[in-house]
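Only one structure is covered here, and it is reproduced in the block below.
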Amino acid sequence: MGDWVSILLVFILIAAPYVMAAEIKGGLPARRILYWVIGAGCIAFSITGSLAQEAHHYFVAHMTVHLLLGMAAPLFFVLAKPVTLLLRILPVKTARSMMKLSKTRYARFISHPFTATVLNIGGLWVLYTTDLYRAMHMSMVVHYIVHLHIFLAGYLFTHVLLSADFNPHRAPWLLRSGVLVLSIAAHNILAKWLYANPPYMATAEQAEIGAQWMYYGGGVIELIIITLLCYEWYRGMQKEAQRNVEASA
Amino acid sequence: MAKNNHAMNFWSGILFGLGLIAFFDETVFHQLLHWHHFYDKSTLAIGLVSDGFFHAFSWFATVIGLFMVAYLRKQKSWHRKRWIGAVLLGAGVFQLYDGIIQHKIFRLHQIRYNVEILYYDLVWNVGAILFIIIGLFILRRKQVGTS
């Protein structure tokens, strides 16, 4: 019972601000609100309730939490285009200073696809191949920091790879695609490594199931991101062909 | 512009063929027959890296290959025969790479376990070479036909 109350509470806390902002803006497609709500659900289930509890001692649950927190939730959030929405409803002055912030050198650096990948997949490598994973089970503070990092890095990564939401420094398509393939490869390799090297407190069987869950479950989200990127290429080519036809007419 | 689409027909087929054979490998040999192992722990580190890259790239290749077909069809410049030839060539090259470099040299899982592996390897790689030959044959014939 208490389980569901806490899940619902977190869910409302995350979903409500977006729904209210959508209300202020008005005329937002229902699809975008739905994406945000699904993303909020992913977060709620991964940080409270029985799944989150189990994740402390059961590696398969831990991996499920990571898939939800680091891959599924970021994808749904990005598709809801929160930055675009925020820029629309903020007062002009605030929106302008936000734009200024996005032009800083730090923002440029952090939003490069390569940096985002190192933070995202590199972070996972550090977590599982060093003592960090063990430390995460010893201290709640480390536990929360790791989870926060996994979500933020996953979000940044998805945001800079896809052109769904507002991004003034969008990298060329080929670079984003190359980085995506690179990061999926690194994710695959890490999954196979985990299969053979059970992390702290995980049995060999748990490691095998968790690793395959990481590989195949992650594969589904990766396939969606690939499809969205390729669709962007298709749209661009269509537009170019259109322009050529119009120019020769 | 026609020349440009000629190249795109070829590359779209190659990419899709590569993705298709990787998908076939995953579904049939890993999931349905359970002949291949997810990771048999005798793989060299470079085999893991090579396999990780190939699987990542094959997903991407399948999807972009299909979007290229969609684009070519919209432009009414999809040459089906040329495309099928390229698909066979792409599939054959990847299967040969998988069969010789990944399975044998990098010792990434074997085709099947507890059997005389030689015959399986032979069928696998001869099949790959056949794919390549048929693919090249179709591509060549098509080129003669169009010029």
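Chains: A, B, ... in order of the structure tokens. Residues: from 1 per chain. Ligands: from 1, in order shown.
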
Chain A contacts on chain B, only C-alpha atoms, 6 Å, as number ranges by chain: B: 52-53, 56-57, 64

Show me, as a PDB file with C-alpha atoms, in the first residue's frame, the residues that have an atom within 10 Å of Leu15 in chain B when counting only C-alpha atoms, minus same-chain residues fewer than 2 positions from it.
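Okay, this is what ended up in around_16.pdb:
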ATOM      1  CA  PHE B  10      24.274  -0.312 -54.356  1.00  0.00           C
ATOM      2  CA  TRP B  11      25.065   0.940 -50.866  1.00  0.00           C
ATOM      3  CA  SER B  12      21.537   0.559 -49.643  1.00  0.00           C
ATOM      4  CA  GLY B  13      21.644  -3.105 -50.697  1.00  0.00           C
ATOM      5  CA  GLY B  17      22.314  -7.293 -46.614  1.00  0.00           C
ATOM      6  CA  LEU B  18      24.821  -6.884 -43.818  1.00  0.00           C
ATOM      7  CA  GLY B  19      22.044  -6.090 -41.356  1.00  0.00           C
ATOM      8  CA  LEU B  20      19.821  -8.886 -42.618  1.00  0.00           C
ATOM      9  CA  PHE B  57      26.623  -1.286 -36.884  1.00  0.00           C
ATOM     10  CA  SER B  58      24.352  -3.999 -38.270  1.00  0.00           C
ATOM     11  CA  TRP B  59      21.298  -2.538 -36.512  1.00  0.00           C
ATOM     12  CA  PHE B  60      22.105   0.846 -37.927  1.00  0.00           C
ATOM     13  CA  ALA B  61      22.819  -0.600 -41.387  1.00  0.00           C
ATOM     14  CA  THR B  62      19.467  -2.412 -41.532  1.00  0.00           C
ATOM     15  CA  VAL B  63      17.459   0.679 -40.658  1.00  0.00           C
ATOM     16  CA  ILE B  64      19.329   3.175 -42.842  1.00  0.00           C
ATOM     17  CA  GLY B  65      19.336   0.635 -45.717  1.00  0.00           C
ATOM     18  CA  LEU B  66      15.544   0.452 -45.564  1.00  0.00           C
ATOM     19  CA  MET B  68      17.327   4.494 -48.438  1.00  0.00           C
ATOM     20  CA  ALA B  86      24.054  -5.845 -53.492  1.00  0.00           C
ATOM     21  CA  VAL B  87      22.073  -7.414 -50.620  1.00  0.00           C
ATOM     22  CA  LEU B  89      27.064  -9.350 -51.692  1.00  0.00           C
ATOM     23  CA  GLY B  90      26.733  -7.516 -48.360  1.00  0.00           C
ATOM     24  CA  ALA B  91      25.331 -10.594 -46.619  1.00  0.00           C
TER      25      ALA B  91
END

Backbone-only DSSP, alpha helix (DSSP H) members of range 32-152 of chain A, as number ranges by chain: A: 32-47, 49-54, 59-66, 73-79, 82-89, 92-102, 105-110, 113-117, 123-129, 132-138, 140-152

Go ahead and save the residues from that selection, with C-alpha atoms, as a compact mmCIF listing (two decimals), in the first residue's frame.
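Written out: again_38.txt:
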# COMPACT_ATOMS: atom_id res chain seq x y z
CA ARG A 32 3.85 14.95 -26.28
CA ILE A 33 2.09 15.02 -22.92
CA LEU A 34 1.78 11.24 -23.11
CA TYR A 35 5.55 10.88 -23.70
CA TRP A 36 6.29 12.96 -20.64
CA VAL A 37 3.83 11.02 -18.50
CA ILE A 38 5.37 7.69 -19.57
CA GLY A 39 8.83 9.06 -18.77
CA ALA A 40 7.60 10.16 -15.35
CA GLY A 41 6.27 6.64 -14.78
CA CYS A 42 9.67 5.14 -15.63
CA ILE A 43 11.35 7.37 -13.05
CA ALA A 44 8.72 6.73 -10.37
CA PHE A 45 9.09 2.96 -10.63
CA SER A 46 12.86 3.08 -10.64
CA ILE A 47 13.39 5.27 -7.58
CA GLY A 49 8.63 0.99 -4.55
CA SER A 50 9.58 -2.68 -4.54
CA LEU A 51 11.64 -2.65 -7.75
CA ALA A 52 13.89 0.08 -6.34
CA GLN A 53 14.17 -1.87 -3.07
CA GLU A 54 15.12 -5.09 -4.81
CA PHE A 59 21.40 -7.56 -9.92
CA VAL A 60 18.62 -8.19 -12.45
CA ALA A 61 16.41 -5.61 -10.69
CA HIS A 62 19.38 -3.25 -10.61
CA MET A 63 19.73 -3.58 -14.39
CA THR A 64 16.00 -3.02 -14.90
CA VAL A 65 16.26 0.20 -12.91
CA HIS A 66 19.15 1.30 -15.10
CA ALA A 73 12.88 7.73 -19.31
CA PRO A 74 15.38 9.98 -21.17
CA LEU A 75 14.03 8.87 -24.55
CA PHE A 76 10.42 9.62 -23.62
CA PHE A 77 11.37 12.93 -21.99
CA VAL A 78 13.31 14.10 -25.06
CA LEU A 79 10.37 13.21 -27.32
CA PRO A 82 10.60 20.00 -22.62
CA VAL A 83 13.21 22.62 -23.60
CA THR A 84 11.09 23.84 -26.50
CA LEU A 85 8.09 24.06 -24.20
CA LEU A 86 10.04 25.88 -21.50
CA LEU A 87 11.33 28.49 -23.96
CA ARG A 88 7.77 29.12 -25.16
CA ILE A 89 6.22 29.76 -21.76
CA VAL A 92 11.13 36.74 -22.98
CA LYS A 93 13.84 38.05 -20.68
CA THR A 94 14.35 34.74 -18.91
CA ALA A 95 14.24 32.81 -22.17
CA ARG A 96 16.90 35.13 -23.55
CA SER A 97 19.25 34.58 -20.63
CA MET A 98 18.70 30.84 -21.01
CA MET A 99 19.80 31.19 -24.63
CA LYS A 100 22.86 33.09 -23.49
CA LEU A 101 23.67 30.29 -21.09
CA SER A 102 23.46 27.77 -23.92
CA ARG A 105 31.83 27.43 -23.77
CA TYR A 106 30.81 24.94 -21.08
CA ALA A 107 27.42 24.34 -22.71
CA ARG A 108 29.10 23.81 -26.06
CA PHE A 109 31.55 21.34 -24.59
CA ILE A 110 28.99 19.35 -22.62
CA PRO A 113 27.94 14.16 -28.87
CA PHE A 114 31.34 12.79 -27.94
CA THR A 115 31.33 14.32 -24.45
CA ALA A 116 27.79 13.11 -23.86
CA THR A 117 28.79 9.58 -24.84
CA GLY A 123 30.17 6.37 -16.69
CA LEU A 124 28.77 2.84 -16.88
CA TRP A 125 32.22 1.41 -17.54
CA VAL A 126 33.58 3.22 -14.48
CA LEU A 127 30.64 1.99 -12.39
CA TYR A 128 31.06 -1.70 -13.20
CA THR A 129 34.80 -2.07 -13.69
CA LEU A 132 32.26 2.27 -7.47
CA TYR A 133 29.54 -0.38 -7.76
CA ARG A 134 30.56 -1.78 -4.38
CA ALA A 135 30.66 1.71 -2.86
CA MET A 136 27.18 2.32 -4.17
CA HIS A 137 25.94 -0.54 -1.99
CA MET A 138 27.77 0.76 1.06
CA MET A 140 23.21 5.82 0.24
CA VAL A 141 24.81 9.11 -0.81
CA VAL A 142 26.92 7.36 -3.45
CA HIS A 143 23.85 5.38 -4.46
CA TYR A 144 21.85 8.53 -5.15
CA ILE A 145 24.71 10.29 -6.93
CA VAL A 146 25.21 7.31 -9.25
CA HIS A 147 21.50 7.19 -10.05
CA LEU A 148 21.33 10.91 -10.67
CA HIS A 149 24.34 10.68 -12.98
CA ILE A 150 22.84 7.76 -14.90
CA PHE A 151 19.66 9.67 -15.53
CA LEU A 152 21.29 13.01 -16.39

Mind checking which residues fall within 12 Å of range 92-98 of chain B, counting only C-alpha atoms, ignoring those fewer than 5 positions away in the same chain, and posting them as a PDB file with N, CA and C atoms, in the first residue's frame?
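Writing the result to result10.pdb gives the following:
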ATOM      1  N   GLY B  13      21.683  -1.642 -50.683  1.00  0.00           N
ATOM      2  CA  GLY B  13      21.644  -3.105 -50.697  1.00  0.00           C
ATOM      3  C   GLY B  13      22.719  -3.710 -49.812  1.00  0.00           C
ATOM      4  N   ILE B  14      23.939  -3.185 -49.924  1.00  0.00           N
ATOM      5  CA  ILE B  14      25.053  -3.694 -49.108  1.00  0.00           C
ATOM      6  C   ILE B  14      24.715  -3.566 -47.617  1.00  0.00           C
ATOM      7  N   LEU B  15      24.258  -2.390 -47.217  1.00  0.00           N
ATOM      8  CA  LEU B  15      23.962  -2.145 -45.803  1.00  0.00           C
ATOM      9  C   LEU B  15      22.826  -3.048 -45.324  1.00  0.00           C
ATOM     10  N   PHE B  16      21.784  -3.149 -46.139  1.00  0.00           N
ATOM     11  CA  PHE B  16      20.660  -3.972 -45.716  1.00  0.00           C
ATOM     12  C   PHE B  16      21.053  -5.450 -45.651  1.00  0.00           C
ATOM     13  N   GLY B  17      21.862  -5.897 -46.612  1.00  0.00           N
ATOM     14  CA  GLY B  17      22.314  -7.293 -46.614  1.00  0.00           C
ATOM     15  C   GLY B  17      23.117  -7.626 -45.379  1.00  0.00           C
ATOM     16  N   LEU B  18      24.000  -6.713 -45.012  1.00  0.00           N
ATOM     17  CA  LEU B  18      24.821  -6.884 -43.818  1.00  0.00           C
ATOM     18  C   LEU B  18      23.934  -6.981 -42.576  1.00  0.00           C
ATOM     19  N   GLY B  19      22.949  -6.085 -42.505  1.00  0.00           N
ATOM     20  CA  GLY B  19      22.044  -6.090 -41.356  1.00  0.00           C
ATOM     21  C   GLY B  19      21.175  -7.336 -41.343  1.00  0.00           C
ATOM     22  N   LEU B  20      20.721  -7.738 -42.523  1.00  0.00           N
ATOM     23  CA  LEU B  20      19.821  -8.886 -42.618  1.00  0.00           C
ATOM     24  C   LEU B  20      20.506 -10.160 -42.130  1.00  0.00           C
ATOM     25  N   ILE B  21      21.751 -10.366 -42.552  1.00  0.00           N
ATOM     26  CA  ILE B  21      22.433 -11.605 -42.169  1.00  0.00           C
ATOM     27  C   ILE B  21      22.760 -11.590 -40.677  1.00  0.00           C
ATOM     28  N   ALA B  22      23.063 -10.413 -40.132  1.00  0.00           N
ATOM     29  CA  ALA B  22      23.321 -10.314 -38.697  1.00  0.00           C
ATOM     30  C   ALA B  22      22.043 -10.602 -37.917  1.00  0.00           C
ATOM     31  N   PHE B  23      20.928 -10.131 -38.428  1.00  0.00           N
ATOM     32  CA  PHE B  23      19.640 -10.364 -37.786  1.00  0.00           C
ATOM     33  C   PHE B  23      19.282 -11.848 -37.842  1.00  0.00           C
ATOM     34  N   PHE B  24      19.536 -12.455 -38.996  1.00  0.00           N
ATOM     35  CA  PHE B  24      19.289 -13.883 -39.193  1.00  0.00           C
ATOM     36  C   PHE B  24      20.118 -14.701 -38.210  1.00  0.00           C
ATOM     37  N   ASP B  25      21.377 -14.317 -38.095  1.00  0.00           N
ATOM     38  CA  ASP B  25      22.317 -14.976 -37.179  1.00  0.00           C
ATOM     39  C   ASP B  25      21.781 -14.927 -35.751  1.00  0.00           C
ATOM     40  N   GLY B  47      37.833 -10.135 -30.015  1.00  0.00           N
ATOM     41  CA  GLY B  47      36.610 -10.714 -30.551  1.00  0.00           C
ATOM     42  C   GLY B  47      35.379 -10.043 -29.976  1.00  0.00           C
ATOM     43  N   SER B  50      35.178  -6.592 -31.606  1.00  0.00           N
ATOM     44  CA  SER B  50      34.762  -6.716 -32.996  1.00  0.00           C
ATOM     45  C   SER B  50      33.269  -7.036 -33.080  1.00  0.00           C
ATOM     46  N   ASP B  51      32.815  -7.980 -32.233  1.00  0.00           N
ATOM     47  CA  ASP B  51      31.412  -8.377 -32.245  1.00  0.00           C
ATOM     48  C   ASP B  51      30.503  -7.234 -31.784  1.00  0.00           C
ATOM     49  N   PHE B  54      30.215  -4.848 -34.634  1.00  0.00           N
ATOM     50  CA  PHE B  54      29.434  -5.349 -35.748  1.00  0.00           C
ATOM     51  C   PHE B  54      27.957  -5.388 -35.451  1.00  0.00           C
ATOM     52  N   HIS B  55      27.612  -5.761 -34.217  1.00  0.00           N
ATOM     53  CA  HIS B  55      26.185  -5.794 -33.900  1.00  0.00           C
ATOM     54  C   HIS B  55      25.592  -4.401 -33.854  1.00  0.00           C
ATOM     55  N   PHE B  57      26.691  -1.811 -35.527  1.00  0.00           N
ATOM     56  CA  PHE B  57      26.623  -1.286 -36.884  1.00  0.00           C
ATOM     57  C   PHE B  57      25.539  -1.980 -37.699  1.00  0.00           C
ATOM     58  N   SER B  58      25.328  -3.273 -37.453  1.00  0.00           N
ATOM     59  CA  SER B  58      24.352  -3.999 -38.270  1.00  0.00           C
ATOM     60  C   SER B  58      22.928  -3.494 -38.021  1.00  0.00           C
ATOM     61  N   ALA B  61      22.788  -0.334 -39.948  1.00  0.00           N
ATOM     62  CA  ALA B  61      22.819  -0.600 -41.387  1.00  0.00           C
ATOM     63  C   ALA B  61      21.447  -1.060 -41.892  1.00  0.00           C
ATOM     64  N   GLY B  85      21.198  -7.878 -55.810  1.00  0.00           N
ATOM     65  CA  GLY B  85      22.588  -8.293 -55.984  1.00  0.00           C
ATOM     66  C   GLY B  85      23.463  -7.744 -54.871  1.00  0.00           C
ATOM     67  N   ALA B  86      23.255  -6.478 -54.546  1.00  0.00           N
ATOM     68  CA  ALA B  86      24.054  -5.845 -53.492  1.00  0.00           C
ATOM     69  C   ALA B  86      23.727  -6.441 -52.123  1.00  0.00           C
ATOM     70  N   VAL B  87      22.463  -6.790 -51.897  1.00  0.00           N
ATOM     71  CA  VAL B  87      22.073  -7.414 -50.620  1.00  0.00           C
ATOM     72  C   VAL B  87      22.841  -8.722 -50.437  1.00  0.00           C
ATOM     73  N   HIS B 103      34.697 -16.106 -35.800  1.00  0.00           N
ATOM     74  CA  HIS B 103      34.602 -17.434 -35.176  1.00  0.00           C
ATOM     75  C   HIS B 103      35.956 -18.092 -35.010  1.00  0.00           C
ATOM     76  N   LYS B 104      36.804 -18.007 -36.044  1.00  0.00           N
ATOM     77  CA  LYS B 104      38.048 -18.780 -36.011  1.00  0.00           C
ATOM     78  C   LYS B 104      39.208 -18.016 -35.376  1.00  0.00           C
ATOM     79  N   ILE B 105      39.495 -16.809 -35.903  1.00  0.00           N
ATOM     80  CA  ILE B 105      40.690 -16.109 -35.412  1.00  0.00           C
ATOM     81  C   ILE B 105      40.457 -15.482 -34.046  1.00  0.00           C
ATOM     82  N   PHE B 106      39.291 -14.816 -33.885  1.00  0.00           N
ATOM     83  CA  PHE B 106      39.033 -14.155 -32.587  1.00  0.00           C
ATOM     84  C   PHE B 106      38.398 -15.117 -31.577  1.00  0.00           C
ATOM     85  N   ARG B 107      38.067 -16.306 -32.027  1.00  0.00           N
ATOM     86  CA  ARG B 107      37.451 -17.338 -31.182  1.00  0.00           C
ATOM     87  C   ARG B 107      36.195 -16.863 -30.452  1.00  0.00           C
ATOM     88  N   LEU B 108      35.453 -16.018 -31.141  1.00  0.00           N
ATOM     89  CA  LEU B 108      34.137 -15.626 -30.645  1.00  0.00           C
ATOM     90  C   LEU B 108      33.282 -16.870 -30.826  1.00  0.00           C
ATOM     91  N   HIS B 109      32.441 -17.216 -29.884  1.00  0.00           N
ATOM     92  CA  HIS B 109      31.655 -18.458 -29.914  1.00  0.00           C
ATOM     93  C   HIS B 109      31.740 -19.246 -31.228  1.00  0.00           C
ATOM     94  N   GLN B 110      31.564 -20.566 -31.165  1.00  0.00           N
ATOM     95  CA  GLN B 110      31.574 -21.409 -32.355  1.00  0.00           C
ATOM     96  C   GLN B 110      30.140 -21.547 -32.884  1.00  0.00           C
ATOM     97  N   ILE B 111      30.025 -22.108 -34.095  1.00  0.00           N
ATOM     98  CA  ILE B 111      28.691 -22.234 -34.689  1.00  0.00           C
ATOM     99  C   ILE B 111      27.831 -23.167 -33.841  1.00  0.00           C
ATOM    100  N   ASP B 121      31.671 -25.312 -40.196  1.00  0.00           N
ATOM    101  CA  ASP B 121      32.455 -24.177 -40.698  1.00  0.00           C
ATOM    102  C   ASP B 121      32.479 -24.161 -42.216  1.00  0.00           C
ATOM    103  N   LEU B 122      32.610 -25.374 -42.799  1.00  0.00           N
ATOM    104  CA  LEU B 122      32.657 -25.455 -44.263  1.00  0.00           C
ATOM    105  C   LEU B 122      31.358 -24.959 -44.883  1.00  0.00           C
ATOM    106  N   VAL B 123      30.229 -25.465 -44.384  1.00  0.00           N
ATOM    107  CA  VAL B 123      28.925 -25.068 -44.933  1.00  0.00           C
ATOM    108  C   VAL B 123      28.742 -23.558 -44.787  1.00  0.00           C
ATOM    109  N   TRP B 124      29.093 -23.077 -43.602  1.00  0.00           N
ATOM    110  CA  TRP B 124      28.941 -21.644 -43.288  1.00  0.00           C
ATOM    111  C   TRP B 124      29.710 -20.793 -44.295  1.00  0.00           C
ATOM    112  N   ASN B 125      30.998 -21.111 -44.479  1.00  0.00           N
ATOM    113  CA  ASN B 125      31.855 -20.243 -45.288  1.00  0.00           C
ATOM    114  C   ASN B 125      31.672 -20.452 -46.787  1.00  0.00           C
ATOM    115  N   VAL B 126      31.400 -21.693 -47.179  1.00  0.00           N
ATOM    116  CA  VAL B 126      31.122 -21.919 -48.600  1.00  0.00           C
ATOM    117  C   VAL B 126      29.817 -21.203 -48.963  1.00  0.00           C
ATOM    118  N   GLY B 127      28.844 -21.259 -48.061  1.00  0.00           N
ATOM    119  CA  GLY B 127      27.596 -20.522 -48.265  1.00  0.00           C
ATOM    120  C   GLY B 127      27.862 -19.047 -48.466  1.00  0.00           C
ATOM    121  N   ALA B 128      28.737 -18.506 -47.630  1.00  0.00           N
ATOM    122  CA  ALA B 128      29.070 -17.082 -47.728  1.00  0.00           C
ATOM    123  C   ALA B 128      29.678 -16.767 -49.089  1.00  0.00           C
ATOM    124  N   ILE B 129      30.590 -17.642 -49.541  1.00  0.00           N
ATOM    125  CA  ILE B 129      31.249 -17.393 -50.827  1.00  0.00           C
ATOM    126  C   ILE B 129      30.233 -17.466 -51.966  1.00  0.00           C
ATOM    127  N   LEU B 130      29.279 -18.415 -51.853  1.00  0.00           N
ATOM    128  CA  LEU B 130      28.229 -18.519 -52.870  1.00  0.00           C
ATOM    129  C   LEU B 130      27.403 -17.227 -52.942  1.00  0.00           C
ATOM    130  N   PHE B 131      27.040 -16.724 -51.763  1.00  0.00           N
ATOM    131  CA  PHE B 131      26.315 -15.449 -51.717  1.00  0.00           C
ATOM    132  C   PHE B 131      27.071 -14.378 -52.491  1.00  0.00           C
ATOM    133  N   ILE B 132      28.372 -14.290 -52.212  1.00  0.00           N
ATOM    134  CA  ILE B 132      29.193 -13.247 -52.847  1.00  0.00           C
ATOM    135  C   ILE B 132      29.197 -13.424 -54.363  1.00  0.00           C
ATOM    136  N   ILE B 133      29.401 -14.688 -54.810  1.00  0.00           N
ATOM    137  CA  ILE B 133      29.494 -14.933 -56.251  1.00  0.00           C
ATOM    138  C   ILE B 133      28.165 -14.593 -56.942  1.00  0.00           C
ATOM    139  N   ILE B 134      27.048 -15.083 -56.360  1.00  0.00           N
ATOM    140  CA  ILE B 134      25.744 -14.802 -56.985  1.00  0.00           C
ATOM    141  C   ILE B 134      25.468 -13.288 -57.000  1.00  0.00           C
ATOM    142  N   GLY B 135      25.795 -12.646 -55.875  1.00  0.00           N
ATOM    143  CA  GLY B 135      25.593 -11.198 -55.787  1.00  0.00           C
ATOM    144  C   GLY B 135      26.364 -10.462 -56.865  1.00  0.00           C
ATOM    145  N   LEU B 136      27.657 -10.805 -57.017  1.00  0.00           N
ATOM    146  CA  LEU B 136      28.497 -10.153 -58.034  1.00  0.00           C
ATOM    147  C   LEU B 136      27.965 -10.421 -59.433  1.00  0.00           C
TER     148      LEU B 136
END

Length of the CA of Met201 in chain A to CA of Tyr58 in chain A vector [Å]: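 Taking CA of Met201 in chain A and CA of Tyr58 in chain A, their separation equals 8.3 Å.
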
Atom-to-atom span, CA of Ala80 in chain A and CA of Val10 in chain A, Å: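 The value is 18.5 Å.
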
Between CA of Leu69 in chain A and CA of Thr158 in chain A - distance in Å to one decimal: 12.4 Å
